[in-house]
$ cat upload_4.cif   # mmCIF, C-alpha atoms
data_input
#
loop_
_atom_site.group_PDB
_atom_site.id
_atom_site.type_symbol
_atom_site.label_atom_id
_atom_site.label_comp_id
_atom_site.auth_asym_id
_atom_site.auth_seq_id
_atom_site.Cartn_x
_atom_site.Cartn_y
_atom_site.Cartn_z
ATOM 1 C CA MET A 1 0.697 -1.053 7.147
ATOM 2 C CA ASN A 2 -0.301 -4.583 8.198
ATOM 3 C CA HIS A 3 -2.031 -5.695 4.985
ATOM 4 C CA PHE A 4 -2.542 -4.247 1.507
ATOM 5 C CA LEU A 5 -5.998 -5.164 0.243
ATOM 6 C CA SER A 6 -7.058 -1.700 -0.931
ATOM 7 C CA VAL A 7 -5.997 1.935 -0.859
ATOM 8 C CA GLU A 8 -7.928 2.166 2.406
ATOM 9 C CA ASP A 9 -5.078 0.231 4.053
ATOM 10 C CA VAL A 10 -2.661 3.041 3.147
ATOM 11 C CA PRO A 11 -2.497 5.904 5.672
ATOM 12 C CA ASP A 12 -0.883 8.268 3.138
ATOM 13 C CA PRO A 13 -1.706 7.369 -0.500
ATOM 14 C CA GLU A 14 0.168 10.341 -1.969
ATOM 15 C CA GLY A 15 3.166 9.494 0.199
ATOM 16 C CA LEU A 16 3.169 5.917 -1.082
ATOM 17 C CA VAL A 17 3.088 7.185 -4.685
ATOM 18 C CA ASP A 18 6.127 9.366 -3.947
ATOM 19 C CA GLU A 19 7.881 6.447 -2.256
ATOM 20 C CA ALA A 20 7.289 4.217 -5.283
ATOM 21 C CA LEU A 21 8.698 6.892 -7.605
ATOM 22 C CA LYS A 22 11.825 7.175 -5.447
ATOM 23 C CA LEU A 23 12.285 3.396 -5.536
ATOM 24 C CA LYS A 24 12.069 3.555 -9.313
ATOM 25 C CA LYS A 25 15.179 5.755 -9.295
ATOM 26 C CA LYS A 26 17.053 3.540 -6.804
ATOM 27 C CA PRO A 27 15.448 0.072 -6.947
ATOM 28 C CA PHE A 28 18.179 -1.769 -5.010
ATOM 29 C CA SER A 29 18.584 0.651 -2.106
ATOM 30 C CA PHE A 30 16.640 -1.497 0.406
ATOM 31 C CA GLN A 31 17.971 -4.980 -0.344
ATOM 32 C CA LYS A 32 18.967 -5.508 3.285
ATOM 33 C CA LEU A 33 15.317 -5.126 4.284
ATOM 34 C CA GLY A 34 14.273 -8.306 2.485
ATOM 35 C CA ARG A 35 17.352 -10.397 3.131
ATOM 36 C CA ASN A 36 16.421 -13.821 4.570
ATOM 37 C CA LYS A 37 12.725 -13.036 4.025
ATOM 38 C CA THR A 38 10.360 -14.974 1.749
ATOM 39 C CA LEU A 39 7.418 -13.797 -0.346
ATOM 40 C CA GLY A 40 4.865 -16.482 -1.159
ATOM 41 C CA MET A 41 2.879 -15.699 -4.325
ATOM 42 C CA LEU A 42 -0.398 -17.593 -4.683
ATOM 43 C CA PHE A 43 -2.240 -17.467 -7.993
ATOM 44 C CA PHE A 44 -5.855 -18.561 -8.149
ATOM 45 C CA ASN A 45 -6.058 -17.244 -11.720
ATOM 46 C CA ALA A 46 -3.671 -16.450 -14.557
ATOM 47 C CA SER A 47 -1.332 -13.467 -14.657
ATOM 48 C CA LEU A 48 1.430 -11.900 -16.723
ATOM 49 C CA ARG A 49 2.315 -8.376 -15.506
ATOM 50 C CA THR A 50 1.312 -8.994 -11.898
ATOM 51 C CA ARG A 51 3.315 -12.197 -11.614
ATOM 52 C CA MET A 52 6.478 -10.880 -13.204
ATOM 53 C CA SER A 53 6.435 -7.384 -11.706
ATOM 54 C CA THR A 54 5.773 -8.544 -8.146
ATOM 55 C CA GLN A 55 8.470 -11.181 -8.370
ATOM 56 C CA VAL A 56 10.992 -8.618 -9.664
ATOM 57 C CA ALA A 57 9.902 -6.184 -6.936
ATOM 58 C CA ALA A 58 10.526 -8.741 -4.189
ATOM 59 C CA ARG A 59 13.943 -9.641 -5.579
ATOM 60 C CA ASN A 60 14.853 -5.945 -5.801
ATOM 61 C CA LEU A 61 14.280 -5.917 -2.051
ATOM 62 C CA GLY A 62 16.508 -8.965 -1.525
ATOM 63 C CA MET A 63 13.685 -11.467 -0.883
ATOM 64 C CA GLU A 64 13.354 -15.097 -1.884
ATOM 65 C CA VAL A 65 10.167 -15.848 -3.833
ATOM 66 C CA ILE A 66 7.933 -18.936 -3.925
ATOM 67 C CA VAL A 67 5.314 -18.990 -6.700
ATOM 68 C CA MET A 68 2.336 -21.358 -6.638
ATOM 69 C CA ASN A 69 -0.450 -21.832 -9.168
ATOM 70 C CA VAL A 70 -2.837 -22.976 -6.475
ATOM 71 C CA SER A 71 -5.263 -24.863 -8.719
ATOM 72 C CA GLN A 72 -2.380 -26.923 -10.164
ATOM 73 C CA ASP A 73 0.343 -26.985 -7.487
ATOM 74 C CA SER A 74 -1.587 -27.727 -4.295
ATOM 75 C CA TRP A 75 -4.692 -29.297 -2.833
ATOM 76 C CA GLN A 76 -7.935 -27.593 -3.737
ATOM 77 C CA ILE A 77 -8.774 -25.157 -0.923
ATOM 78 C CA GLU A 78 -12.154 -24.864 0.780
ATOM 79 C CA THR A 79 -13.045 -21.366 2.069
ATOM 80 C CA GLU A 80 -16.535 -21.902 3.470
ATOM 81 C CA ASP A 81 -16.792 -22.369 7.236
ATOM 82 C CA GLY A 82 -18.898 -25.199 8.659
ATOM 83 C CA VAL A 83 -18.927 -27.136 5.413
ATOM 84 C CA VAL A 84 -18.803 -30.935 5.341
ATOM 85 C CA MET A 85 -15.694 -31.525 3.261
ATOM 86 C CA ASN A 86 -16.826 -34.599 1.375
ATOM 87 C CA GLY A 87 -16.313 -33.094 -2.084
ATOM 88 C CA ASP A 88 -13.276 -32.380 -4.263
ATOM 89 C CA LYS A 89 -11.579 -29.908 -1.882
ATOM 90 C CA ALA A 90 -9.050 -31.594 0.371
ATOM 91 C CA GLU A 91 -7.826 -28.724 2.558
ATOM 92 C CA HIS A 92 -9.512 -25.873 4.385
ATOM 93 C CA VAL A 93 -8.186 -22.327 4.165
ATOM 94 C CA ARG A 94 -7.878 -22.247 7.974
ATOM 95 C CA GLU A 95 -5.063 -24.802 7.824
ATOM 96 C CA ALA A 96 -3.674 -23.868 4.391
ATOM 97 C CA ALA A 97 -3.287 -20.161 5.205
ATOM 98 C CA ALA A 98 -1.829 -20.860 8.648
ATOM 99 C CA VAL A 99 0.737 -23.289 7.238
ATOM 100 C CA MET A 100 1.758 -20.926 4.418
ATOM 101 C CA GLY A 101 2.217 -18.227 7.039
ATOM 102 C CA GLN A 102 4.705 -20.523 8.774
ATOM 103 C CA TYR A 103 6.803 -20.704 5.618
ATOM 104 C CA CYS A 104 6.574 -17.124 4.299
ATOM 105 C CA ASP A 105 7.003 -13.656 5.763
ATOM 106 C CA VAL A 106 4.519 -12.063 3.349
ATOM 107 C CA LEU A 107 1.812 -13.724 1.253
ATOM 108 C CA ALA A 108 0.680 -12.193 -2.053
ATOM 109 C CA ILE A 109 -2.631 -13.482 -3.415
ATOM 110 C CA ARG A 110 -4.376 -13.108 -6.759
ATOM 111 C CA SER A 111 -7.971 -14.208 -7.140
ATOM 112 C CA PHE A 112 -10.820 -13.571 -9.574
ATOM 113 C CA PRO A 113 -14.605 -13.173 -9.397
ATOM 114 C CA THR A 114 -17.149 -15.643 -10.709
ATOM 115 C CA LEU A 115 -19.170 -12.735 -12.169
ATOM 116 C CA LYS A 116 -22.210 -14.861 -11.334
ATOM 117 C CA ASP A 117 -22.769 -14.288 -7.611
ATOM 118 C CA LYS A 118 -22.376 -10.604 -6.752
ATOM 119 C CA LYS A 119 -22.867 -11.065 -3.029
ATOM 120 C CA LYS A 120 -20.224 -13.780 -2.823
ATOM 121 C CA ASP A 121 -17.738 -11.980 -5.069
ATOM 122 C CA TYR A 122 -18.028 -8.709 -3.169
ATOM 123 C CA ALA A 123 -17.683 -10.483 0.184
ATOM 124 C CA GLU A 124 -14.013 -11.109 -0.755
ATOM 125 C CA GLU A 125 -14.028 -14.298 1.296
ATOM 126 C CA LEU A 126 -10.654 -15.596 0.097
ATOM 127 C CA MET A 127 -8.704 -12.428 0.907
ATOM 128 C CA HIS A 128 -10.355 -12.007 4.276
ATOM 129 C CA GLN A 129 -9.809 -15.655 5.227
ATOM 130 C CA PHE A 130 -6.096 -15.455 4.394
ATOM 131 C CA SER A 131 -5.664 -12.179 6.266
ATOM 132 C CA ARG A 132 -7.463 -13.746 9.231
ATOM 133 C CA PHE A 133 -5.598 -17.051 9.431
ATOM 134 C CA ALA A 134 -2.141 -16.630 7.847
ATOM 135 C CA GLY A 135 -0.596 -14.614 10.668
ATOM 136 C CA VAL A 136 1.546 -12.621 8.201
ATOM 137 C CA PRO A 137 0.893 -9.554 6.013
ATOM 138 C CA ILE A 138 -1.333 -10.183 2.991
ATOM 139 C CA LEU A 139 -0.761 -8.364 -0.284
ATOM 140 C CA SER A 140 -3.562 -8.336 -2.862
ATOM 141 C CA MET A 141 -2.300 -8.914 -6.394
ATOM 142 C CA GLU A 142 -5.952 -8.500 -7.483
ATOM 143 C CA SER A 143 -9.120 -9.710 -5.887
ATOM 144 C CA ALA A 144 -12.700 -10.171 -7.021
ATOM 145 C CA THR A 145 -13.419 -6.467 -6.565
ATOM 146 C CA LEU A 146 -10.135 -4.523 -6.408
ATOM 147 C CA HIS A 147 -6.663 -4.312 -7.953
ATOM 148 C CA PRO A 148 -4.815 -1.924 -5.621
ATOM 149 C CA LEU A 149 -1.317 -2.552 -7.022
ATOM 150 C CA GLN A 150 -2.557 -1.512 -10.455
ATOM 151 C CA GLY A 151 -4.174 1.568 -8.947
ATOM 152 C CA LEU A 152 -0.906 2.598 -7.302
ATOM 153 C CA ALA A 153 1.001 2.129 -10.585
ATOM 154 C CA ASP A 154 -1.650 4.238 -12.314
ATOM 155 C CA MET A 155 -1.168 7.080 -9.840
ATOM 156 C CA MET A 156 2.598 6.871 -10.375
ATOM 157 C CA THR A 157 2.084 7.196 -14.128
ATOM 158 C CA ILE A 158 -0.155 10.238 -13.810
ATOM 159 C CA SER A 159 2.297 11.843 -11.393
ATOM 160 C CA GLU A 160 5.150 11.325 -13.863
ATOM 161 C CA TYR A 161 3.345 12.724 -16.901
ATOM 162 C CA LYS A 162 1.065 15.438 -15.549
ATOM 163 C CA LYS A 163 1.749 18.963 -16.810
ATOM 164 C CA VAL A 164 -0.617 20.749 -14.434
ATOM 165 C CA GLU A 165 -1.045 20.347 -10.697
ATOM 166 C CA LYS A 166 -4.697 19.292 -10.984
ATOM 167 C CA PRO A 167 -5.120 17.358 -14.249
ATOM 168 C CA LYS A 168 -8.447 16.274 -15.680
ATOM 169 C CA VAL A 169 -8.495 12.487 -15.467
ATOM 170 C CA VAL A 170 -11.214 10.534 -17.279
ATOM 171 C CA LEU A 171 -12.011 6.863 -16.744
ATOM 172 C CA THR A 172 -13.913 5.726 -19.811
ATOM 173 C CA TRP A 173 -15.730 2.453 -20.342
ATOM 174 C CA ALA A 174 -14.931 0.600 -23.564
ATOM 175 C CA PRO A 175 -16.484 -2.399 -25.333
ATOM 176 C CA HIS A 176 -15.146 -5.929 -25.038
ATOM 177 C CA VAL A 177 -15.816 -9.425 -26.336
ATOM 178 C CA LYS A 178 -16.430 -10.925 -22.897
ATOM 179 C CA PRO A 179 -17.518 -9.716 -19.437
ATOM 180 C CA LEU A 180 -14.662 -8.458 -17.275
ATOM 181 C CA PRO A 181 -14.548 -7.665 -13.534
ATOM 182 C CA GLN A 182 -14.958 -4.221 -12.000
ATOM 183 C CA ALA A 183 -11.706 -4.627 -10.025
ATOM 184 C CA VAL A 184 -9.439 -2.303 -12.033
ATOM 185 C CA PRO A 185 -11.942 0.547 -12.453
ATOM 186 C CA ASN A 186 -12.996 0.184 -8.804
ATOM 187 C CA SER A 187 -9.395 0.617 -7.656
ATOM 188 C CA PHE A 188 -8.607 3.371 -10.143
ATOM 189 C CA THR A 189 -11.642 5.246 -8.864
ATOM 190 C CA GLN A 190 -10.667 4.689 -5.217
ATOM 191 C CA TRP A 191 -7.123 5.919 -5.785
ATOM 192 C CA SER A 192 -8.172 8.864 -7.977
ATOM 193 C CA ARG A 193 -10.570 10.103 -5.325
ATOM 194 C CA LYS A 194 -7.635 10.257 -2.889
ATOM 195 C CA MET A 195 -5.712 12.554 -5.244
ATOM 196 C CA ASP A 196 -6.295 16.163 -6.209
ATOM 197 C CA TYR A 197 -7.636 15.425 -9.700
ATOM 198 C CA ASP A 198 -10.566 16.687 -11.718
ATOM 199 C CA PHE A 199 -11.900 13.135 -11.982
ATOM 200 C CA VAL A 200 -14.716 12.013 -14.283
ATOM 201 C CA ILE A 201 -16.145 8.558 -15.038
ATOM 202 C CA THR A 202 -17.937 8.047 -18.347
ATOM 203 C CA HIS A 203 -19.877 4.961 -19.441
ATOM 204 C CA PRO A 204 -23.214 3.934 -20.931
ATOM 205 C CA GLU A 205 -26.195 4.162 -18.587
ATOM 206 C CA GLY A 206 -26.534 1.012 -16.508
ATOM 207 C CA MET A 207 -22.771 0.427 -16.237
ATOM 208 C CA GLU A 208 -22.303 2.354 -12.982
ATOM 209 C CA LEU A 209 -19.606 1.091 -10.650
ATOM 210 C CA PRO A 210 -20.700 0.168 -7.108
ATOM 211 C CA LYS A 211 -21.477 3.175 -4.928
ATOM 212 C CA ARG A 212 -19.098 2.021 -2.182
ATOM 213 C CA PHE A 213 -16.135 2.640 -4.515
ATOM 214 C CA ARG A 214 -17.262 5.510 -6.750
ATOM 215 C CA GLN A 215 -19.041 7.388 -3.928
ATOM 216 C CA ASP A 216 -19.488 10.999 -5.128
ATOM 217 C CA ALA A 217 -17.335 10.744 -8.262
ATOM 218 C CA HIS A 218 -18.679 12.718 -11.219
ATOM 219 C CA ILE A 219 -20.396 10.493 -13.811
ATOM 220 C CA GLU A 220 -20.947 11.731 -17.365
ATOM 221 C CA TYR A 221 -22.937 9.506 -19.738
ATOM 222 C CA ASP A 222 -21.913 11.512 -22.824
ATOM 223 C CA GLN A 223 -18.426 10.197 -23.632
ATOM 224 C CA ASP A 224 -17.527 13.058 -25.964
ATOM 225 C CA LYS A 225 -18.482 15.617 -23.334
ATOM 226 C CA ALA A 226 -16.468 13.777 -20.678
ATOM 227 C CA LEU A 227 -13.363 13.617 -22.881
ATOM 228 C CA ALA A 228 -13.336 17.348 -23.637
ATOM 229 C CA GLY A 229 -10.175 18.871 -22.170
ATOM 230 C CA ALA A 230 -8.956 15.629 -20.584
ATOM 231 C CA ASP A 231 -5.260 15.411 -19.690
ATOM 232 C CA PHE A 232 -5.385 11.641 -19.046
ATOM 233 C CA VAL A 233 -7.803 9.031 -20.372
ATOM 234 C CA TYR A 234 -7.920 5.618 -18.735
ATOM 235 C CA VAL A 235 -9.670 3.236 -21.118
ATOM 236 C CA LYS A 236 -11.130 0.094 -19.551
ATOM 237 C CA ASN A 237 -13.992 -2.337 -20.008
ATOM 238 C CA TRP A 238 -15.995 -3.647 -17.088
ATOM 239 C CA SER A 239 -19.135 -5.735 -16.916
ATOM 240 C CA SER A 240 -22.327 -4.501 -15.323
ATOM 241 C CA TYR A 241 -22.552 -4.306 -11.540
ATOM 242 C CA LYS A 242 -26.284 -3.601 -11.598
ATOM 243 C CA ASN A 243 -27.080 -6.525 -13.920
ATOM 244 C CA TYR A 244 -24.185 -8.433 -12.509
ATOM 245 C CA GLY A 245 -21.702 -9.871 -14.979
ATOM 246 C CA MET A 246 -23.545 -8.768 -18.117
ATOM 247 C CA LEU A 247 -21.307 -7.564 -20.948
ATOM 248 C CA GLY A 248 -22.879 -4.215 -21.753
ATOM 249 C CA LEU A 249 -23.393 -2.611 -25.170
ATOM 250 C CA GLY A 250 -21.702 0.289 -26.916
ATOM 251 C CA LYS A 251 -19.350 -0.516 -29.823
ATOM 252 C CA ASP A 252 -19.079 3.209 -30.565
ATOM 253 C CA TRP A 253 -17.305 3.636 -27.191
ATOM 254 C CA MET A 254 -14.021 2.224 -28.539
ATOM 255 C CA PHE A 255 -11.277 4.786 -27.967
ATOM 256 C CA SER A 256 -10.114 6.065 -31.357
ATOM 257 C CA GLN A 257 -7.901 8.804 -32.741
ATOM 258 C CA LYS A 258 -11.040 10.868 -33.298
ATOM 259 C CA LYS A 259 -11.932 10.609 -29.617
ATOM 260 C CA LEU A 260 -8.361 11.434 -28.642
ATOM 261 C CA GLY A 261 -8.786 14.625 -30.641
ATOM 262 C CA LEU A 262 -11.469 15.760 -28.193
ATOM 263 C CA THR A 263 -8.970 15.793 -25.326
ATOM 264 C CA ASN A 264 -6.204 18.140 -24.259
ATOM 265 C CA ASP A 265 -3.630 15.967 -26.045
ATOM 266 C CA ALA A 266 -4.274 13.395 -23.315
ATOM 267 C CA LYS A 267 -2.017 10.572 -22.290
ATOM 268 C CA VAL A 268 -3.856 7.299 -22.871
ATOM 269 C CA MET A 269 -3.728 4.579 -20.224
ATOM 270 C CA HIS A 270 -4.819 0.951 -20.002
ATOM 271 C CA CYS A 271 -3.884 -1.781 -17.521
ATOM 272 C CA LEU A 272 -3.284 -4.426 -20.250
ATOM 273 C CA PRO A 273 -3.932 -6.876 -21.772
ATOM 274 C CA VAL A 274 -5.887 -4.855 -24.317
ATOM 275 C CA ARG A 275 -7.950 -6.015 -27.284
ATOM 276 C CA ARG A 276 -6.711 -3.926 -30.187
ATOM 277 C CA ASN A 277 -9.401 -2.314 -32.338
ATOM 278 C CA VAL A 278 -12.053 -3.424 -29.866
ATOM 279 C CA VAL A 279 -11.070 -1.424 -26.768
ATOM 280 C CA ILE A 280 -8.484 0.969 -28.237
ATOM 281 C CA ALA A 281 -7.642 1.558 -31.889
ATOM 282 C CA ASP A 282 -4.196 0.683 -33.258
ATOM 283 C CA GLU A 283 -3.369 4.282 -34.118
ATOM 284 C CA VAL A 284 -3.823 5.322 -30.502
ATOM 285 C CA LEU A 285 -1.950 2.401 -28.932
ATOM 286 C CA ASP A 286 0.951 2.842 -31.349
ATOM 287 C CA GLY A 287 0.898 6.620 -31.168
ATOM 288 C CA PRO A 288 2.834 9.089 -29.019
ATOM 289 C CA ASN A 289 0.000 9.608 -26.516
ATOM 290 C CA SER A 290 -0.041 6.000 -25.346
ATOM 291 C CA VAL A 291 1.751 5.358 -22.044
ATOM 292 C CA VAL A 292 0.503 1.797 -21.523
ATOM 293 C CA ILE A 293 4.008 0.292 -21.601
ATOM 294 C CA GLN A 294 5.398 2.837 -19.145
ATOM 295 C CA GLN A 295 2.333 2.262 -16.975
ATOM 296 C CA ALA A 296 3.011 -1.487 -16.965
ATOM 297 C CA GLY A 297 6.653 -0.816 -16.081
ATOM 298 C CA ASN A 298 5.519 1.049 -12.989
ATOM 299 C CA ARG A 299 3.918 -2.149 -11.705
ATOM 300 C CA VAL A 300 7.353 -3.249 -10.437
ATOM 301 C CA PHE A 301 7.758 -0.198 -8.252
ATOM 302 C CA SER A 302 4.183 -0.067 -7.018
ATOM 303 C CA ALA A 303 4.646 -3.630 -5.751
ATOM 304 C CA GLN A 304 8.091 -2.812 -4.375
ATOM 305 C CA ALA A 305 6.812 0.172 -2.370
ATOM 306 C CA VAL A 306 4.018 -1.920 -0.864
ATOM 307 C CA ILE A 307 6.238 -4.905 -0.027
ATOM 308 C CA LYS A 308 8.770 -2.545 1.544
ATOM 309 C CA ARG A 309 6.128 -1.126 3.859
ATOM 310 C CA LEU A 310 4.820 -4.586 4.747
ATOM 311 C CA LEU A 311 8.363 -5.721 5.606
ATOM 312 C CA GLU A 312 8.842 -2.625 7.755
ATOM 313 C CA SER A 313 5.741 -3.603 9.737
ATOM 314 C CA LEU A 314 7.127 -7.027 10.718
#

$ encode --input "upload_4.cif" --output "structure tokens"
Amino acid sequence: MNHFLSVEDVPDPEGLVDEALKLKKKPFSFQKLGRNKTLGMLFFNASLRTRMSTQVAARNLGMEVIVMNVSQDSWQIETEDGVVMNGDKAEHVREAAAVMGQYCDVLAIRSFPTLKDKKKDYAEELMHQFSRFAGVPILSMESATLHPLQGLADMMTISEYKKVEKPKVVLTWAPHVKPLPQAVPNSFTQWSRKMDYDFVITHPEGMELPKRFRQDAHIEYDQDKALAGADFVYVKNWSSYKNYGMLGLGKDWMFSQKKLGLTNDAKVMHCLPVRRNVVIADEVLDGPNSVVIQQAGNRVFSAQAVIKRLLESL
């Protein structure tokens, strides 16, 4: 595995899930692999779980870690080719990525969409430029369109808690106070389609995820119907892809105890942070069906499994 930008970079997604679960049981068993190696973590937007979990994962593998908030800790980076650099950006990604690749064995990058220019966001220019010019493996800690580390942690969580071999897994849209990217639901959909799940996406009409990621996934516009018999419910807001960046309507889509009652005593998932009583009701988040904390804990071992494979490719 030379880079990790999406599940499509993983030759055996189920095998990687199993590997991450084994690392969870013995997190320090590969410390020699990362000894005298450095992970550079570059943040182009804020983070809590991703920053901490990836840093812990690298240290579990014996690596040194350098963390940079790029907008504050370095020159502003230009990504457009052929541009006349007479503005506020002092360094081009061609040089910046190449230099960082001289200092680090693996580079982990977190970026964010504008939610204004769909074509530009979905071109994933920053990730592709770094993977082109750095000369070292690139690990996505979230991009404009995908969050593959979160998706891997989600699959780990389902694997740990499933009671049947082929569970019904429902990804449900939820309301929010501001437009959010499609990255998490895109990745969850990508990963879920690689697994042997009865997978359903439910959302208001007009909130369809891009076809390239959902492909032939079953869409059900009636949330109650979709939730019937669900073993896992992944609750997540995303803004419109069709009317790009628009918030979307549907306050009655908040996941409540009443909606949980429609399921097969489902485990409730969310990537966090979550707006209480907007996205998910208190009684659900604080109840026995919520696995959001365990899900977040798995972020360490999803990152560790990926970094391990990237190190093994060096």

$ residues_around --input "upload_4.cif" --residues "A:Ala144" --least-positions-apart "4" --cutoff "10 Å" --atoms "only C-alpha atoms" --output "number ranges by chain"
A: 110-115, 118, 120-127, 181-184

$ resolve_selection --input "upload_4.cif" --expression "the PyMOL selection byres ((chain A and resi 272) around 8)" --output "count of residues only"
6

$ residues_around --input "upload_4.cif" --residues "stretch 300-313 of chain A" --least-positions-apart "4" --cutoff "10 Å" --atoms "all atoms listed in the file" --output "number ranges by chain"
A: 1-4, 10, 16-25, 27, 30-31, 33-34, 37, 39, 49-61, 63, 105-108, 136-141, 148-156, 295-296

$ closest_residue --input "upload_4.cif" --among "A:Phe255, A:Tyr197, A:Tyr161, A:Tyr103" --to "A:Asp282" --atoms "only C-alpha atoms"
A:Phe255

$ atom_distance --input "upload_4.cif" --atom1 "atom CA of A:Thr172" --atom2 "atom CA of A:Val235"
5.1 Å

$ resolve_selection --input "upload_4.cif" --expression "the PyMOL selection byres ((chain A and resi 71) around 12)" --output "ChimeraX atom specification"
/A:42-46,68-70,72-78,88-90,110-111

$ closest_residue --input "upload_4.cif" --among "A:Arg193, A:His176, A:His218, A:Lys168" --to "A:Met254" --atoms "all atoms listed in the file"
A:His176

$ closest_residue --input "upload_4.cif" --among "A:Pro175, A:Gly297, A:Gly287, A:Pro204" --to "A:Ala226" --atoms "all atoms listed in the file"
A:Pro204

$ atom_distance --input "upload_4.cif" --atom1 "atom CA of A:Ile201" --atom2 "atom CA of A:Leu171"
4.8 Å

$ closest_residue --input "upload_4.cif" --among "A:Ala96, A:Ala174, A:Leu227, A:Phe213" --to "A:Val200" --atoms "all atoms listed in the file"
A:Leu227

$ closest_residue --input "upload_4.cif" --among "A:Phe130, A:Tyr244, A:Phe28, A:Tyr234" --to "A:Ile280" --atoms "only C-alpha atoms"
A:Tyr234

$ atom_distance --input "upload_4.cif" --atom1 "atom CA of A:Glu205" --atom2 "atom CA of A:Lys178"
18.5 Å

$ resolve_selection --input "upload_4.cif" --expression "the PyMOL selection byres ((chain A and resi 206) around 9)" --output "PDB file with C-alpha atoms, in the frame of the given file"
ATOM      1  CA  HIS A 203     -19.877   4.961 -19.441  1.00  0.00           C
ATOM      2  CA  PRO A 204     -23.214   3.934 -20.931  1.00  0.00           C
ATOM      3  CA  GLU A 205     -26.195   4.162 -18.587  1.00  0.00           C
ATOM      4  CA  MET A 207     -22.771   0.427 -16.237  1.00  0.00           C
ATOM      5  CA  GLU A 208     -22.303   2.354 -12.982  1.00  0.00           C
ATOM      6  CA  SER A 240     -22.327  -4.501 -15.323  1.00  0.00           C
ATOM      7  CA  TYR A 241     -22.552  -4.306 -11.540  1.00  0.00           C
ATOM      8  CA  LYS A 242     -26.284  -3.601 -11.598  1.00  0.00           C
ATOM      9  CA  ASN A 243     -27.080  -6.525 -13.920  1.00  0.00           C
ATOM     10  CA  GLY A 248     -22.879  -4.215 -21.753  1.00  0.00           C
TER      11      GLY A 248
END
